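Have a look at model-v3.txt; it's compact mmCIF, C-alpha atoms:
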```
# COMPACT_ATOMS: atom_id res chain seq x y z
CA MET A 1 -8.79 -15.25 -18.52
CA LYS A 2 -10.04 -14.71 -14.96
CA LYS A 3 -8.40 -17.94 -13.81
CA LEU A 4 -5.14 -17.00 -15.50
CA LEU A 5 -5.19 -13.58 -13.88
CA LEU A 6 -5.84 -14.93 -10.41
CA ALA A 7 -3.13 -17.53 -10.82
CA SER A 8 -0.60 -14.89 -11.81
CA LEU A 9 -1.60 -12.74 -8.86
CA VAL A 10 -1.16 -15.60 -6.42
CA VAL A 11 2.28 -16.36 -7.82
CA CYS A 12 3.18 -12.71 -7.58
CA ALA A 13 2.03 -12.37 -3.98
CA THR A 14 3.95 -15.50 -3.09
CA LEU A 15 7.11 -14.12 -4.64
CA ALA A 16 6.68 -10.91 -2.71
CA ALA A 17 6.36 -12.87 0.50
CA CYS A 18 9.69 -14.53 -0.22
CA GLY A 19 11.47 -11.21 0.02
CA GLY A 20 10.48 -9.22 -3.02
CA GLY A 21 13.68 -9.70 -4.97
CA GLY A 22 15.93 -9.09 -2.02
CA GLY A 23 16.49 -10.46 1.42
CA GLY A 24 20.19 -9.66 1.70
CA SER A 25 21.45 -8.68 5.12
CA ALA A 26 22.08 -5.06 5.92
CA ASN A 27 25.11 -6.03 7.97
CA PRO A 28 28.63 -6.11 6.56
CA ALA A 29 30.10 -9.59 6.42
CA GLY A 30 31.10 -10.64 9.89
CA ALA A 31 29.41 -7.71 11.61
CA ALA A 32 27.55 -8.10 14.85
CA ALA A 33 23.79 -8.50 14.83
CA PRO A 34 21.87 -5.21 14.76
CA ALA A 35 21.20 -3.53 18.05
CA SER A 36 17.64 -2.55 18.92
CA GLY A 37 16.57 0.04 16.40
CA ALA A 38 19.69 -0.30 14.27
CA SER A 39 20.37 -1.85 10.89
CA GLY A 40 24.09 -2.26 11.39
CA THR A 41 26.70 -1.98 14.12
CA ASN A 42 30.39 -1.35 14.23
CA PRO A 43 32.23 -4.68 14.32
CA ALA A 44 34.75 -3.13 16.69
CA GLY A 45 32.00 -2.47 19.21
CA GLY A 46 31.83 1.28 18.82
CA ALA A 47 29.12 3.49 17.34
CA SER A 48 27.22 2.00 14.45
CA THR A 49 28.36 2.52 10.91
CA THR A 50 26.47 4.09 8.03
CA PRO A 51 23.02 2.79 7.09
CA THR A 52 22.60 0.50 4.09
CA ASN A 53 19.95 -0.54 1.58
CA PRO A 54 18.74 -3.98 2.71
CA PHE A 55 18.02 -4.99 -0.90
CA ASN A 56 21.63 -4.68 -2.07
CA ASN A 57 23.65 -3.99 1.10
CA GLN A 58 25.04 -0.80 -0.44
CA GLN A 59 25.62 2.32 1.62
CA ALA A 60 22.68 4.71 1.75
CA PRO A 61 23.13 7.84 -0.38
CA GLY A 62 23.58 11.19 1.34
CA ALA A 63 24.68 12.22 4.80
CA SER A 64 23.25 12.69 8.27
CA THR A 65 20.17 14.91 8.69
CA THR A 66 17.34 15.61 11.12
CA THR A 67 15.02 17.15 8.53
CA VAL A 68 12.09 15.07 7.28
CA THR A 69 9.34 16.10 4.88
CA GLY A 70 6.58 14.16 3.23
CA GLU A 71 2.91 13.60 2.53
CA VAL A 72 0.08 11.41 3.77
CA PHE A 73 -1.74 10.13 0.70
CA ASN A 74 -4.70 7.75 0.76
CA SER A 75 -6.36 8.15 -2.64
CA GLY A 76 -5.66 11.83 -2.25
CA ALA A 77 -4.04 14.29 0.14
CA THR A 78 -4.92 13.60 3.78
CA VAL A 79 -5.50 16.79 5.74
CA GLY A 80 -4.96 17.17 9.49
CA ALA A 81 -3.18 13.88 10.13
CA THR A 82 -0.69 13.64 12.99
CA VAL A 83 2.61 12.10 11.91
CA ALA A 84 5.00 10.62 14.47
CA ALA A 85 8.49 9.26 13.79
CA TYR A 86 9.83 6.30 15.79
CA LEU A 87 13.08 4.38 15.80
CA VAL A 88 12.31 0.75 14.99
CA ASN A 89 13.33 -1.93 17.48
CA ALA A 90 14.96 -5.16 16.35
CA ASP A 91 11.65 -6.99 16.79
CA GLY A 92 9.90 -4.54 14.45
CA SER A 93 8.07 -2.65 17.20
CA ASN A 94 8.18 1.10 17.72
CA GLY A 95 11.00 2.38 19.88
CA THR A 96 11.86 5.94 20.84
CA ILE A 97 9.74 8.70 19.33
CA ILE A 98 12.01 11.22 17.63
CA GLY A 99 9.65 13.70 15.95
CA THR A 100 6.05 14.77 15.29
CA ALA A 101 4.23 16.87 12.71
CA THR A 102 0.75 17.60 11.33
CA THR A 103 -0.27 17.54 7.68
CA GLY A 104 -1.52 20.75 6.07
CA THR A 105 -4.31 21.34 3.59
CA ASP A 106 -2.26 19.69 0.84
CA GLY A 107 -1.45 16.62 2.93
CA THR A 108 2.22 17.51 3.36
CA PHE A 109 4.22 17.71 6.56
CA SER A 110 7.64 18.77 7.79
CA MET A 111 9.41 17.81 11.00
CA THR A 112 12.76 18.22 12.68
CA LEU A 113 13.90 15.05 14.42
CA ASN A 114 15.49 15.29 17.83
CA GLN A 115 18.24 12.91 16.72
CA SER A 116 19.67 11.71 13.44
CA PRO A 117 18.83 8.08 12.58
CA TYR A 118 21.92 8.09 10.37
CA GLU A 119 24.21 8.13 13.40
CA THR A 120 22.84 4.79 14.64
CA ALA A 121 21.95 3.30 11.24
CA SER A 122 18.39 3.07 12.54
CA TYR A 123 15.27 2.07 10.68
CA VAL A 124 12.47 4.60 11.21
CA ARG A 125 8.71 4.15 11.20
CA LEU A 126 6.42 7.06 10.36
CA VAL A 127 2.89 6.67 11.73
CA ALA A 128 0.08 8.92 10.45
CA THR A 129 -3.13 8.94 12.50
CA GLY A 130 -6.36 10.84 11.95
CA GLY A 131 -7.11 13.39 9.27
CA THR A 132 -9.54 13.24 6.36
CA TYR A 133 -9.42 12.97 2.58
CA THR A 134 -11.77 12.77 -0.39
CA SER A 135 -12.15 9.31 -1.86
CA THR A 136 -11.54 9.07 -5.60
CA SER A 137 -14.15 6.33 -5.85
CA ASP A 138 -17.29 8.13 -4.71
CA ASN A 139 -16.24 11.63 -3.64
CA THR A 140 -17.06 10.88 0.00
CA THR A 141 -15.04 12.31 2.87
CA GLN A 142 -13.16 9.44 4.47
CA THR A 143 -11.38 9.42 7.82
CA ASN A 144 -7.83 8.16 8.01
CA SER A 145 -7.32 5.65 10.80
CA SER A 146 -3.62 4.81 10.98
CA LEU A 147 -1.08 4.44 8.18
CA GLU A 148 2.58 3.51 8.54
CA LEU A 149 5.80 3.63 6.56
CA VAL A 150 9.13 2.03 7.45
CA THR A 151 12.33 3.35 5.92
CA PRO A 152 15.75 1.71 6.39
CA TYR A 153 17.43 5.11 6.50
CA ILE A 154 16.96 8.87 6.51
CA THR A 155 19.67 10.95 4.86
CA THR A 156 20.13 14.29 3.13
CA ALA A 157 19.51 12.45 -0.16
CA PHE A 158 16.47 10.52 1.08
CA ASN A 159 14.31 12.33 3.61
CA ASN A 160 10.97 12.89 1.84
CA PHE A 161 8.37 10.16 2.33
CA VAL A 162 4.85 9.47 1.02
CA ILE A 163 2.79 7.48 3.53
CA THR A 164 0.08 5.42 1.82
CA PRO A 165 -2.08 2.33 2.43
CA LEU A 166 0.53 0.26 0.60
CA THR A 167 3.47 1.51 2.68
CA HIS A 168 1.22 0.47 5.57
CA VAL A 169 0.97 -3.07 4.15
CA ALA A 170 4.78 -3.15 3.94
CA SER A 171 5.24 -1.80 7.46
CA GLN A 172 2.84 -4.32 8.99
CA ARG A 173 4.52 -7.19 7.16
CA THR A 174 7.91 -5.90 8.34
CA THR A 175 6.73 -6.02 11.94
CA GLN A 176 5.33 -9.53 11.51
CA VAL A 177 8.58 -10.94 10.09
CA ALA A 178 10.82 -9.18 12.61
CA SER A 179 8.61 -10.14 15.56
CA THR A 180 9.01 -13.82 14.70
CA GLY A 181 12.81 -13.75 14.57
CA GLY A 182 13.64 -12.31 11.16
CA SER A 183 16.27 -9.59 10.88
CA LEU A 184 15.07 -6.07 10.17
CA ALA A 185 16.78 -6.28 6.79
CA ASN A 186 14.90 -9.42 5.77
CA ALA A 187 11.69 -8.10 7.32
CA TYR A 188 11.97 -4.89 5.32
CA THR A 189 12.62 -6.63 2.00
CA SER A 190 9.66 -8.94 2.57
CA GLY A 191 7.35 -6.02 3.34
CA ALA A 192 8.59 -3.78 0.53
CA GLY A 193 8.49 -6.63 -1.98
CA MET A 194 4.90 -7.33 -1.06
CA ALA A 195 3.88 -3.68 -1.47
CA LEU A 196 5.58 -3.45 -4.86
CA SER A 197 3.81 -6.63 -5.94
CA LEU A 198 0.42 -5.26 -4.91
CA ILE A 199 1.12 -2.04 -6.79
CA GLY A 200 1.60 -3.69 -10.12
CA MET A 201 1.55 -7.50 -10.03
CA SER A 202 5.35 -7.36 -10.21
CA ASP A 203 7.42 -4.22 -9.87
CA PRO A 204 6.63 -1.82 -12.70
CA ILE A 205 7.28 1.37 -10.76
CA LEU A 206 10.59 3.17 -10.83
CA SER A 207 11.69 1.00 -13.72
CA GLN A 208 14.64 3.27 -14.46
CA ASP A 209 15.95 3.13 -10.90
CA THR A 210 19.05 1.00 -10.40
CA GLY A 211 20.64 2.87 -7.52
CA THR A 212 18.33 2.19 -4.59
CA PRO A 213 15.92 -0.60 -5.57
CA GLY A 214 13.11 -1.42 -3.18
CA VAL A 215 13.48 1.84 -1.28
CA ASP A 216 12.73 4.73 -3.64
CA TYR A 217 9.04 3.85 -3.84
CA LEU A 218 8.75 5.32 -0.32
CA ALA A 219 9.20 8.77 -1.87
CA LEU A 220 6.98 8.25 -4.91
CA VAL A 221 3.86 10.40 -5.23
CA PRO A 222 1.07 8.26 -6.73
CA GLY A 223 -0.02 9.56 -10.12
CA SER A 224 3.12 11.63 -10.61
CA VAL A 225 5.42 11.45 -13.64
CA GLY A 226 7.57 8.87 -11.85
CA ASP A 227 4.59 6.57 -11.28
CA THR A 228 5.17 4.25 -14.23
CA LEU A 229 1.91 3.32 -15.99
CA ASN A 230 0.07 5.08 -13.14
CA ALA A 231 0.40 1.78 -11.27
CA TYR A 232 0.63 3.23 -7.77
CA ALA A 233 -2.35 5.56 -8.19
CA ASP A 234 -4.40 2.77 -9.79
CA ALA A 235 -3.73 0.49 -6.81
CA LEU A 236 -4.84 3.14 -4.30
CA ASN A 237 -7.95 3.90 -6.36
CA ALA A 238 -8.76 0.19 -6.40
CA ILE A 239 -8.64 0.14 -2.60
CA GLU A 240 -11.29 2.86 -2.62
CA ALA A 241 -13.36 0.94 -5.18
CA TYR A 242 -13.30 -2.10 -2.90
CA GLY A 243 -14.85 0.08 -0.21
CA VAL A 244 -17.66 1.07 -2.58
CA GLN A 245 -18.18 -2.50 -3.81
CA HIS A 246 -18.64 -3.85 -0.28
CA ASP A 247 -19.90 -0.67 1.42
CA LEU A 248 -16.97 -0.41 3.82
CA PRO A 249 -15.22 2.71 5.14
CA SER A 250 -11.90 3.12 3.35
CA SER A 251 -9.95 2.89 6.61
CA VAL A 252 -11.48 -0.55 7.22
CA VAL A 253 -10.51 -1.71 3.74
CA GLU A 254 -6.91 -0.58 4.29
CA GLN A 255 -6.63 -2.49 7.55
CA VAL A 256 -8.24 -5.64 6.12
CA LEU A 257 -5.92 -5.58 3.10
CA SER A 258 -2.92 -5.28 5.41
CA GLN A 259 -4.11 -8.03 7.73
CA SER A 260 -4.86 -10.35 4.83
CA GLN A 261 -1.20 -10.17 3.75
CA LEU A 262 0.46 -10.61 7.15
CA THR A 263 1.17 -14.31 6.73
CA GLY A 264 3.06 -13.69 3.48
CA ASN A 265 0.24 -15.08 1.35
CA ALA A 266 -3.33 -13.87 0.98
CA SER A 267 -5.24 -15.25 3.96
CA THR A 268 -8.54 -14.85 5.78
CA THR A 269 -6.80 -15.45 9.10
CA LEU A 270 -4.15 -13.65 11.10
CA PRO A 271 -0.77 -15.33 11.68
CA ASN A 272 -2.08 -16.61 15.03
CA GLY A 273 -4.92 -18.41 13.24
CA MET A 274 -7.68 -16.07 14.34
CA ALA A 275 -10.20 -15.00 11.71
CA ILE A 276 -9.79 -11.53 10.26
CA ASN A 277 -12.85 -9.58 11.35
CA ILE A 278 -14.22 -6.74 9.24
CA GLY A 279 -17.16 -5.40 11.22
CA GLN A 280 -20.56 -4.13 10.08
CA TRP A 281 -22.75 -1.08 9.91
CA GLN A 282 -24.89 -0.75 13.05
CA SER A 283 -27.61 1.95 13.09
CA GLY A 284 -25.69 4.14 10.65
CA THR A 285 -22.30 3.73 12.37
CA PHE A 286 -19.67 1.25 11.31
CA ASP A 287 -18.79 -1.03 14.23
CA THR A 288 -15.43 -2.72 13.68
CA SER A 289 -16.11 -5.07 16.60
CA ALA A 290 -19.32 -6.46 15.08
CA SER A 291 -18.88 -10.05 13.97
CA PHE A 292 -18.45 -10.28 10.21
CA THR A 293 -15.28 -11.90 8.89
CA LEU A 294 -13.23 -11.63 5.73
CA ALA A 295 -13.82 -15.34 5.17
CA THR A 296 -17.57 -14.72 5.06
CA LEU A 297 -17.18 -11.85 2.62
CA GLU A 298 -14.86 -13.83 0.34
CA ALA A 299 -17.18 -16.87 0.37
CA ALA A 300 -19.88 -14.68 -1.14
CA ASN A 301 -17.49 -13.30 -3.78
CA ALA A 302 -15.91 -16.30 -5.51
CA ASN A 303 -13.37 -16.64 -2.67
CA GLU A 304 -11.26 -13.86 -4.12
CA PRO A 305 -8.86 -12.20 -1.64
CA PRO A 306 -8.89 -8.39 -1.42
CA PHE A 307 -5.78 -7.84 -3.55
CA ALA A 308 -7.12 -10.00 -6.39
CA GLU A 309 -10.49 -8.27 -6.40
CA MET A 310 -8.77 -4.87 -6.41
CA HIS A 311 -6.75 -5.88 -9.47
CA GLN A 312 -9.98 -6.94 -11.17
CA PHE A 313 -11.37 -3.44 -10.61
CA MET A 314 -8.36 -2.04 -12.45
CA LEU A 315 -8.88 -4.48 -15.33
CA TRP A 316 -12.51 -3.45 -15.62
CA GLU A 317 -11.77 0.23 -15.65
CA TYR A 318 -9.01 0.02 -18.25
CA GLY A 319 -11.25 -2.22 -20.35
CA VAL A 320 -14.22 0.16 -20.19
CA THR A 321 -12.04 3.16 -21.03
CA ASP A 322 -10.42 1.40 -23.98
CA CYS A 323 -13.77 0.06 -25.23
CA ALA A 324 -15.11 3.61 -25.29
CA SER A 325 -12.13 4.89 -27.29
CA GLY A 326 -11.62 1.83 -29.48
CA ASN A 327 -7.91 1.90 -28.60
CA PHE A 328 -6.87 -1.14 -26.53
CA THR A 329 -3.17 -0.27 -26.36
CA PRO A 330 -3.38 1.18 -22.82
CA TYR A 331 -5.03 -2.02 -21.54
CA PHE A 332 -2.43 -4.36 -22.98
CA THR A 333 0.43 -2.05 -22.01
CA ARG A 334 -0.77 -2.15 -18.43
CA PHE A 335 -1.79 -5.83 -18.49
CA PRO A 336 0.26 -7.66 -21.15
CA LEU A 337 -1.14 -10.89 -22.56
CA ALA A 338 0.42 -14.03 -21.16
CA ALA A 339 1.76 -16.63 -23.60
CA GLY A 340 -1.18 -18.38 -25.21
CA GLU A 341 -3.77 -16.14 -23.60
CA PRO A 342 -6.51 -15.00 -26.01
CA ASN A 343 -7.22 -11.35 -26.72
CA ILE A 344 -10.41 -10.89 -24.72
CA PHE A 345 -11.52 -7.95 -26.85
CA THR A 346 -11.28 -9.73 -30.18
CA SER A 347 -12.62 -13.04 -28.84
CA GLY A 348 -15.87 -11.30 -27.94
CA GLY A 349 -17.91 -10.09 -24.99
CA ALA A 350 -15.28 -8.24 -22.97
CA CYS A 351 -16.61 -4.72 -23.55
CA THR A 352 -20.14 -5.70 -22.57
CA SER A 353 -18.97 -7.62 -19.50
CA TYR A 354 -16.61 -4.91 -18.26
CA GLY A 355 -19.25 -2.26 -18.84
CA THR A 356 -21.74 -4.22 -16.75
CA PHE A 357 -19.22 -4.72 -13.93
CA VAL A 358 -18.42 -1.01 -13.74
CA SER A 359 -22.07 0.06 -14.00
CA ASN A 360 -22.99 -2.25 -11.13
CA ILE A 361 -20.34 -0.84 -8.82
CA ASP A 362 -21.21 2.73 -9.84
CA ALA A 363 -24.84 2.13 -8.89
CA LYS A 364 -23.88 1.24 -5.33
CA VAL A 365 -22.79 4.78 -4.51
CA ALA A 366 -26.35 6.05 -4.17
CA THR A 367 -27.36 3.28 -1.75
CA ASN A 368 -24.20 2.71 0.29
CA GLN A 369 -24.23 3.61 3.96
CA ARG A 370 -20.72 5.03 3.59
CA SER A 371 -22.09 7.58 1.10
CA ILE A 372 -25.29 8.61 2.91
CA PRO A 373 -23.82 11.97 4.04
CA LEU A 374 -22.87 12.63 0.43
CA VAL A 375 -26.05 11.62 -1.38
CA THR A 376 -28.36 13.30 1.16
CA GLY A 377 -26.39 16.53 1.14
CA PRO A 378 -27.37 19.61 -0.86
CA GLY A 379 -26.22 19.74 -4.45
CA TYR A 380 -25.42 16.02 -4.75
CA VAL A 381 -24.80 14.98 -8.34
CA PRO A 382 -24.96 11.22 -9.11
CA GLN A 383 -21.85 9.46 -10.35
CA THR A 384 -21.10 10.08 -14.00
CA THR A 385 -17.59 8.62 -14.05
CA PRO A 386 -16.58 5.09 -13.04
CA VAL A 387 -15.67 4.70 -9.39
CA VAL A 388 -12.67 2.50 -10.09
CA GLY A 389 -10.84 5.71 -10.86
CA VAL A 390 -8.11 4.70 -13.28
CA GLY A 391 -5.75 7.58 -13.94
CA GLN A 392 -7.42 9.90 -11.44
```

For this file, produce the structure as structure tokens.
Amino acid sequence: MKKLLLASLVVCATLAACGGGGGGSANPAGAAAPASGASGTNPAGGASTTPTNPFNNQQAPGASTTTVTGEVFNSGATVGATVAAYLVNADGSNGTIIGTATTGTDGTFSMTLNQSPYETASYVRLVATGGTYTSTSDNTTQTNSSLELVTPYITTAFNNFVITPLTHVASQRTTQVASTGGSLANAYTSGAGMALSLIGMSDPILSQDTGTPGVDYLALVPGSVGDTLNAYADALNAIEAYGVQHDLPSSVVEQVLSQSQLTGNASTTLPNGMAINIGQWQSGTFDTSASFTLATLEAANANEPPFAEMHQFMLWEYGVTDCASGNFTPYFTRFPLAAGEPNIFTSGGACTSYGTFVSNIDAKVATNQRSIPLVTGPGYVPQTTPVVGVGQ
């Protein structure tokens, strides 16, 4: 089953890299190429027209606005993060800054932009730096490094955004594609398709949405009613579990996951061929410049890329939960059997194996360097619930 799962994940990631079900241009037929920071221009040479959804080339819903609200969400609300809004240049880089805000105690923010992106049909990147949150995997306080989100438009009907590690993956992929000559429209669909693939091995979220495909996930709160099968929350929890499994700060895991997807397929190298470096703990402090690569880590872990290992954590947690209840419907609803694939629970051994996997990762909390401040603090209570965090 493990081989089948990994094969399906690789296929899925490859499909996401090809554009995630989209790739259509945001320009009307015959229109000029986008200006820097714009998704579409007026064919007559005047001001740009209305923004469009790059997945279907349809006009964005709503009208012009300068009001933006949102939330910074790692595996939970991120408090005290600074959020800056930038117009996106044609090469995917940040252009003019048009607004700033700071997240409150619930992780939310509100800003008034100094210009409306609608008027220039501009893509906008939100960048959240700093702040802290509580990890769902081990209850440690983690520091947010930098998370991004790229949106093809901001309108009165679409101006609330949830910045997460997976919108960061999409944003970084968008920059990579655009910086190497791709249009912003194609760059966006490649990035968004990849994020959706990582969320659920295909695109299970927002299954009822037919109006703005590939865009509405930017406003989805993980774990909310709209998060179909809890797929988004599960993916973010799995990122945290990866940090526990390998004793890495969560911010490092987020950056490594993003870097490993930059080429369009899971890789241990950056697009320029350089090895992806992780870093190491040095005298109680994590040094990101210390030499320890993703290739070295993967070689010691069955050569599984981060996204595949994170999906395994989700499989384990669903399996353990269903084994405890005796009801395996949630597992197979979330991870349907492929044609010809045996039922791992009836063919024997799955409950014992999954239980061992989860117990082993749980045990690492007490010895991890990332959790030393937690376990040495007053009133520490050892883990009693699995760190993989399904449904949290």

For Thr155 (chain A), list every protein, DNA or RNA residue within 6 Å, evaluated using all atoms listed in the file, and leave out those in the same chain fewer than 6 positions away; present the list as a count of residues only.
-> 4

Which residue gives the smallest distance to Asp247 (chain A) among A:Ala85, A:Leu196, A:Ile278, A:Ala121, with all atoms listed in the file counted?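 Smallest separation from Asp247 (chain A) among the options: A:Ile278.
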
field: Contact residues around Ala195 (chain A) with only C-alpha atoms at 7 Å, ignoring same-chain residues under 5 positions, as a list in words
entry: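 Using only C-alpha atoms, the neighbours found are Leu166, Thr167, Val169 and Ala170 of chain A.
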
Discussion item. Just checking: using all atoms listed in the file, which residue out of A:Asn265, A:Gln255, A:Gln115, A:Thr164 ends up closest to Leu220 (chain A)?
Written reply: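 Of the candidates, the smallest distance to Leu220 (chain A) is held by A:Thr164.
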
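Taking CA of Ala302 (chain A) and CA of Thr285 (chain A) as endpoints, the distance between them is 27.6 Å.
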
Considering all atoms listed in the file, give me a table of residues in region 162-262 of chain A that are at most 6 Å from region 135-147 of chain A, with the closest atom pair and distance in Å for each, as a tab-separated table.
```
residue	atom	partner	partner_atom	distance
A:His168	CA	A:Leu147	CA	5.3
A:Glu240	CA	A:Ser137	CA	5.5
A:Ala241	CA	A:Ser137	CA	5.5
A:Ser251	CA	A:Ser145	CA	5.7
```

Using only C-alpha atoms, which residues sit within 8 Å of region 66-75 of chain A once same-chain residues fewer than 6 positions away are excluded, as a CSV table (one decimal) with C-alpha atoms, in the coordinates of the input?
```
chain,number,residue,atom,x,y,z
A,81,ALA,CA,-3.2,13.9,10.1
A,103,THR,CA,-0.3,17.5,7.7
A,107,GLY,CA,-1.4,16.6,2.9
A,108,THR,CA,2.2,17.5,3.4
A,109,PHE,CA,4.2,17.7,6.6
A,110,SER,CA,7.6,18.8,7.8
A,111,MET,CA,9.4,17.8,11.0
A,112,THR,CA,12.8,18.2,12.7
A,113,LEU,CA,13.9,15.0,14.4
A,114,ASN,CA,15.5,15.3,17.8
A,115,GLN,CA,18.2,12.9,16.7
A,116,SER,CA,19.7,11.7,13.4
A,117,PRO,CA,18.8,8.1,12.6
A,128,ALA,CA,0.1,8.9,10.4
A,133,TYR,CA,-9.4,13.0,2.6
A,134,THR,CA,-11.8,12.8,-0.4
A,135,SER,CA,-12.2,9.3,-1.9
A,136,THR,CA,-11.5,9.1,-5.6
A,144,ASN,CA,-7.8,8.2,8.0
A,154,ILE,CA,17.0,8.9,6.5
A,156,THR,CA,20.1,14.3,3.1
A,159,ASN,CA,14.3,12.3,3.6
A,160,ASN,CA,11.0,12.9,1.8
A,161,PHE,CA,8.4,10.2,2.3
A,162,VAL,CA,4.8,9.5,1.0
A,163,ILE,CA,2.8,7.5,3.5
A,164,THR,CA,0.1,5.4,1.8
A,165,PRO,CA,-2.1,2.3,2.4
A,219,ALA,CA,9.2,8.8,-1.9
A,233,ALA,CA,-2.4,5.6,-8.2
A,236,LEU,CA,-4.8,3.1,-4.3
A,237,ASN,CA,-8.0,3.9,-6.4
A,240,GLU,CA,-11.3,2.9,-2.6
```

How big is the axis-aligned box around the listed atoms of region 91-102 of chain A once 8 Å is added on each side, and where is its centre? Give both in Å to one decimal, as JSON.
```
{"center_x": 6.4, "center_y": 5.3, "center_z": 16.1, "size_x": 27.3, "size_y": 40.6, "size_z": 25.5}
```

Checklist line | Between CA of Ile199 (chain A) and CA of Tyr232 (chain A) - distance in Å to one decimal | finding: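 Value for the CA of Tyr232 (chain A)-CA of Ile199 (chain A) distance: 5.4 Å.
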
Separation of CA of Val150 (chain A) from CA of Ser171 (chain A), in Å and rounded to one decimal
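Result for CA of Val150 (chain A) versus CA of Ser171 (chain A): 5.5 Å, one decimal.
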
Inset, instruction - Find the residues near Gly181 (chain A): any atom within 10 Å, counting only C-alpha atoms, skip ones fewer than 4 places away on the same chain, and give them as a list in words. - result: Ala90, Asp91, Gly92, Gln176, Val177 and Ala187 of chain A

Could you name the residues that touch His246 (chain A) at 9 Å or less, counting all atoms listed in the file, but leaving out those on the same chain fewer than 2 positions away, as a ChimeraX atom specification?
/A:241-244,248,297,364,368

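Candidate residues A:Leu270, A:Thr333, A:Phe328, A:Gln282 were compared for distance to Ala295 (chain A), and the nearest is A:Leu270, using all atoms listed in the file.
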
Expected file content for region 86-134 of chain A, C-alpha atoms, as a compact mmCIF listing (two decimals), in the first residue's frame:
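Done, and the output landed in part.txt:
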```
# COMPACT_ATOMS: atom_id res chain seq x y z
CA TYR A 86 2.62 44.45 -2.43
CA LEU A 87 1.66 44.74 -6.07
CA VAL A 88 3.23 41.84 -7.94
CA ASN A 89 5.59 42.59 -10.83
CA ALA A 90 5.39 40.67 -14.09
CA ASP A 91 8.43 38.61 -13.07
CA GLY A 92 6.71 37.54 -9.84
CA SER A 93 8.73 39.81 -7.56
CA ASN A 94 7.28 42.30 -5.09
CA GLY A 95 6.54 45.74 -6.47
CA THR A 96 5.05 48.75 -4.73
CA ILE A 97 3.95 48.30 -1.13
CA ILE A 98 0.33 49.39 -0.79
CA GLY A 99 -0.61 48.56 2.82
CA THR A 100 0.50 47.18 6.19
CA ALA A 101 -1.19 45.71 9.26
CA THR A 102 -0.48 43.67 12.40
CA THR A 103 -2.35 40.57 13.52
CA GLY A 104 -4.21 40.65 16.84
CA THR A 105 -4.58 38.02 19.52
CA ASP A 106 -6.84 35.96 17.25
CA GLY A 107 -4.47 36.13 14.30
CA THR A 108 -6.68 38.45 12.27
CA PHE A 109 -5.74 41.71 10.60
CA SER A 110 -7.35 44.59 8.75
CA MET A 111 -5.74 47.13 6.44
CA THR A 112 -6.70 49.96 4.13
CA LEU A 113 -4.70 49.95 0.92
CA ASN A 114 -3.40 53.21 -0.46
CA GLN A 115 -4.62 52.24 -3.92
CA SER A 116 -7.10 49.79 -5.38
CA PRO A 117 -5.52 46.82 -7.20
CA TYR A 118 -8.78 46.50 -9.11
CA GLU A 119 -8.05 49.67 -11.07
CA THR A 120 -4.88 48.17 -12.57
CA ALA A 121 -5.98 44.51 -12.56
CA SER A 122 -2.97 43.85 -10.35
CA TYR A 123 -1.99 40.66 -8.61
CA VAL A 124 -1.20 41.28 -4.93
CA ARG A 125 1.15 39.47 -2.57
CA LEU A 126 0.53 39.52 1.18
CA VAL A 127 3.65 38.83 3.25
CA ALA A 128 3.34 37.98 6.96
CA THR A 129 6.55 38.15 9.00
CA GLY A 130 7.13 37.46 12.68
CA GLY A 131 4.56 36.61 15.31
CA THR A 132 4.04 33.41 17.28
CA TYR A 133 1.54 30.57 17.47
CA THR A 134 0.96 27.34 19.36
```
